[in-house]
Amino acid sequence: MVGLYTPVLILQAFCLYHAYKHNSVQQWYWLIIFLPGIGSALYLYHSFYNRSNIETLTDGVKNVVNSNYKIEQLEKAHRLSDNVTTKTNLANAYVTYERYDDAVTLYKECLTGFMEDDPVLLMKLLQAYFLKKDYDAVIDCGRKLESDKSFKKAEERISYAWAYYHKGIMGKAEETFMDMDRSFSNYVHRLEYCKFLLAIKRQDAFRDKLKTLMEEFEVMKGTERKFNINVIRQARELYSKNPTP
């Protein structure tokens with residue numbers, strides 16, 4: 001009996017998650033919950049009706065199964081040995097699967113005793129707060145990290161700068177972005193600085209910064225270019241969407 005119910009429960013979980021993500025009407029929730037087999041089948045037929053959607057469905061079910069299994073294993077490891085390592089591993093997985101509140105709880109539990117000011121954990125906590133859009137908490141974490149050398153070039157510092165932007169503290173946001181604006185380095189940070197300038201409608205400054213970044217990419221070679229391929233692609237896309245007049 002258990003073997004028969006497991007696939008239905010997985011399918012039901014996926015349908016409820018999909019319905020939530022796509023803001024489906026309330027009737028679907030009742031149908032999926034109270035008639036899990038038939039309700040899920042009807043919901044899938046309604047939501048997925050061509051080849052591309054079927055492929056999306058398959059990938060979605062795989063993700064639900066894989067994420068559930070991975071988290072269950074990490075939760076089991078944490079129950080067997082409650083320590084900073086198992087907490088952190090589980091919190092990292094929660095972040096990956098968008099369970100930000102659970103991740104924050106675990107990261108905070110790790111920040112005690114001699115680990116209270118650990119910069120690596122504080123940066124993980126900062127990023128989890130940013131993903132859950134708790135910008136006040138991001139700023140609190142960032143202030144604790146401002147004197148830490150590793151934070152100066154960390155990508156989590158980008159989130160710290162954006163948190164100030166979202167709170168309307170533009171001066172501090174730009175000050176933080178400017179401090180990360182270092183030639184021939186910090187490419188991800190500097191691309192985000194370009195996006196910030198665009199967001200605050202500083203068009204000329206935006207174009208100058210992006211142009212400088214693109215020029216540096218042109219002379220980049222070999223391993224460095226391969227390592228930065230994603231930020232190069234994003235910069236080109238941003239440039240093509242916002243060409244020089």
# chains A, B, ... in the order shown; residues from 1 in each chain; ligands from 1
call {"tool": "select_by_dssp", "arguments": {"residues": "range 5-202 of chain A", "states": "helix (DSSP H, G or I)", "output": "PyMOL selection string"}}
result
chain A and resi 5-21+26-34+36-47+51-80+84-96+100-110+113-115+119-131+135-145+149-152+156-166+170-179+187-199
call {"tool": "write_last_selection", "arguments": {"atoms": "C-alpha atoms", "output": "compact mmCIF listing (two decimals), in the first residue's frame"}}
result
# COMPACT_ATOMS: atom_id res chain seq x y z
CA TYR A 5 0.67 5.99 -2.21
CA THR A 6 4.19 7.39 -2.53
CA PRO A 7 3.98 8.37 -6.25
CA VAL A 8 0.54 9.90 -5.66
CA LEU A 9 1.85 11.96 -2.73
CA ILE A 10 4.81 13.16 -4.80
CA LEU A 11 2.49 14.10 -7.66
CA GLN A 12 0.10 15.80 -5.25
CA ALA A 13 2.99 17.80 -3.74
CA PHE A 14 4.13 18.89 -7.18
CA CYS A 15 0.63 19.93 -8.25
CA LEU A 16 0.12 21.97 -5.08
CA TYR A 17 3.51 23.63 -5.54
CA HIS A 18 2.79 24.37 -9.22
CA ALA A 19 -0.66 25.73 -8.39
CA TYR A 20 0.84 28.01 -5.74
CA LYS A 21 3.62 29.28 -8.04
CA GLN A 26 -8.72 27.99 -5.09
CA GLN A 27 -10.90 25.19 -6.49
CA TRP A 28 -7.83 23.40 -7.76
CA TYR A 29 -6.34 23.23 -4.24
CA TRP A 30 -9.46 21.54 -2.85
CA LEU A 31 -9.58 19.09 -5.76
CA ILE A 32 -5.89 18.15 -5.42
CA ILE A 33 -6.08 17.82 -1.61
CA PHE A 34 -9.33 15.85 -1.28
CA PRO A 36 -5.26 13.49 -4.81
CA GLY A 37 -5.19 10.97 -7.67
CA ILE A 38 -8.06 12.24 -9.83
CA GLY A 39 -7.58 15.87 -8.82
CA SER A 40 -3.89 15.82 -9.68
CA ALA A 41 -4.59 14.14 -13.03
CA LEU A 42 -7.21 16.76 -13.93
CA TYR A 43 -4.92 19.58 -12.86
CA LEU A 44 -2.07 18.22 -14.98
CA TYR A 45 -4.34 17.84 -18.00
CA HIS A 46 -5.55 21.40 -17.52
CA SER A 47 -2.07 22.87 -17.04
CA ARG A 51 5.02 18.53 -25.76
CA SER A 52 7.03 21.40 -24.30
CA ASN A 53 4.76 21.58 -21.28
CA ILE A 54 5.02 17.83 -20.75
CA GLU A 55 8.81 18.19 -20.71
CA THR A 56 8.44 20.99 -18.17
CA LEU A 57 6.21 18.76 -16.05
CA THR A 58 8.74 15.91 -16.18
CA ASP A 59 11.55 18.21 -15.09
CA GLY A 60 9.35 19.63 -12.32
CA VAL A 61 8.50 16.21 -10.91
CA LYS A 62 12.17 15.23 -11.00
CA ASN A 63 13.09 18.40 -9.13
CA VAL A 64 10.46 17.73 -6.46
CA VAL A 65 11.65 14.14 -6.00
CA ASN A 66 15.34 15.07 -5.95
CA SER A 67 14.91 18.05 -3.63
CA ASN A 68 12.77 16.06 -1.19
CA TYR A 69 15.32 13.23 -1.13
CA LYS A 70 18.31 15.54 -0.68
CA ILE A 71 16.67 17.54 2.10
CA GLU A 72 15.43 14.40 3.85
CA GLN A 73 18.98 13.02 3.86
CA LEU A 74 20.42 16.26 5.22
CA GLU A 75 17.68 16.51 7.85
CA LYS A 76 18.46 12.96 8.90
CA ALA A 77 22.18 13.76 9.16
CA HIS A 78 21.31 16.80 11.27
CA ARG A 79 19.12 14.75 13.61
CA LEU A 80 21.89 12.19 14.08
CA VAL A 84 27.54 23.51 12.81
CA THR A 85 28.46 21.42 9.76
CA THR A 86 25.14 19.56 9.51
CA LYS A 87 23.19 22.75 10.26
CA THR A 88 25.07 24.67 7.58
CA ASN A 89 24.71 21.92 4.96
CA LEU A 90 20.98 21.73 5.61
CA ALA A 91 20.60 25.52 5.58
CA ASN A 92 22.46 25.70 2.25
CA ALA A 93 20.00 23.18 0.79
CA TYR A 94 17.05 25.14 2.16
CA VAL A 95 18.36 28.23 0.35
CA THR A 96 18.72 26.26 -2.88
CA TYR A 100 14.61 30.89 3.23
CA ASP A 101 12.94 31.10 6.66
CA ASP A 102 14.20 27.63 7.56
CA ALA A 103 17.68 28.53 6.31
CA VAL A 104 17.77 31.73 8.37
CA THR A 105 16.79 29.83 11.51
CA LEU A 106 19.64 27.34 11.09
CA TYR A 107 22.28 29.93 10.19
CA LYS A 108 21.33 31.94 13.29
CA GLU A 109 21.59 28.83 15.45
CA CYS A 110 25.17 28.40 14.19
CA GLY A 113 29.79 30.90 21.07
CA PHE A 114 33.12 31.19 19.28
CA MET A 115 31.23 31.18 15.92
CA PRO A 119 32.19 35.97 8.56
CA VAL A 120 31.35 32.98 6.34
CA LEU A 121 28.19 32.21 8.30
CA LEU A 122 27.25 35.89 8.52
CA MET A 123 27.54 36.20 4.74
CA LYS A 124 25.34 33.13 4.24
CA LEU A 125 22.79 34.60 6.65
CA LEU A 126 22.96 37.96 4.86
CA GLN A 127 22.24 36.30 1.50
CA ALA A 128 19.33 34.29 2.91
CA TYR A 129 17.84 37.49 4.33
CA PHE A 130 18.27 39.20 0.96
CA LEU A 131 16.50 36.38 -0.88
CA TYR A 135 16.47 44.27 3.73
CA ASP A 136 16.77 45.66 7.27
CA ALA A 137 18.27 42.36 8.40
CA VAL A 138 20.62 42.37 5.39
CA ILE A 139 21.91 45.80 6.41
CA ASP A 140 22.38 44.68 10.02
CA CYS A 141 24.47 41.71 8.86
CA GLY A 142 26.43 43.84 6.41
CA ARG A 143 27.37 46.37 9.07
CA LYS A 144 28.85 43.56 11.19
CA LEU A 145 30.93 42.49 8.18
CA LYS A 149 38.59 41.74 4.46
CA SER A 150 36.89 38.74 2.85
CA PHE A 151 33.61 40.66 2.67
CA LYS A 152 35.21 43.47 0.62
CA GLU A 156 27.25 38.90 -0.80
CA ARG A 157 28.38 42.52 -0.55
CA ILE A 158 26.40 43.17 -3.75
CA SER A 159 23.26 42.16 -1.87
CA TYR A 160 24.29 44.52 0.93
CA ALA A 161 24.48 47.41 -1.55
CA TRP A 162 21.14 46.51 -3.15
CA ALA A 163 19.53 46.31 0.30
CA TYR A 164 20.37 50.00 0.82
CA TYR A 165 18.84 50.73 -2.59
CA HIS A 166 15.63 48.92 -1.68
CA MET A 170 20.90 55.70 -2.21
CA GLY A 171 24.02 57.40 -0.91
CA LYS A 172 25.14 54.34 1.06
CA ALA A 173 24.16 52.04 -1.79
CA GLU A 174 26.31 53.94 -4.29
CA GLU A 175 29.16 54.29 -1.81
CA THR A 176 29.22 50.50 -1.43
CA PHE A 177 29.05 49.87 -5.18
CA MET A 178 31.80 52.43 -5.81
CA ASP A 179 34.08 50.73 -3.29
CA TYR A 187 33.36 41.91 -12.74
CA VAL A 188 30.12 40.66 -11.19
CA HIS A 189 30.11 43.52 -8.69
CA ARG A 190 30.73 46.11 -11.39
CA LEU A 191 27.99 44.76 -13.63
CA GLU A 192 25.59 45.11 -10.71
CA TYR A 193 26.89 48.67 -10.25
CA CYS A 194 25.91 49.33 -13.89
CA LYS A 195 22.43 47.96 -13.17
CA PHE A 196 22.21 50.19 -10.10
CA LEU A 197 23.11 53.29 -12.14
CA LEU A 198 20.47 52.31 -14.68
CA ALA A 199 17.91 51.79 -11.90
call {"tool": "closest_residue", "arguments": {"among": "A:Ser147, A:Asn83, A:Ser183, A:Thr112", "to": "Met214 in chain A", "atoms": "only C-alpha atoms"}}
result
A:Ser183
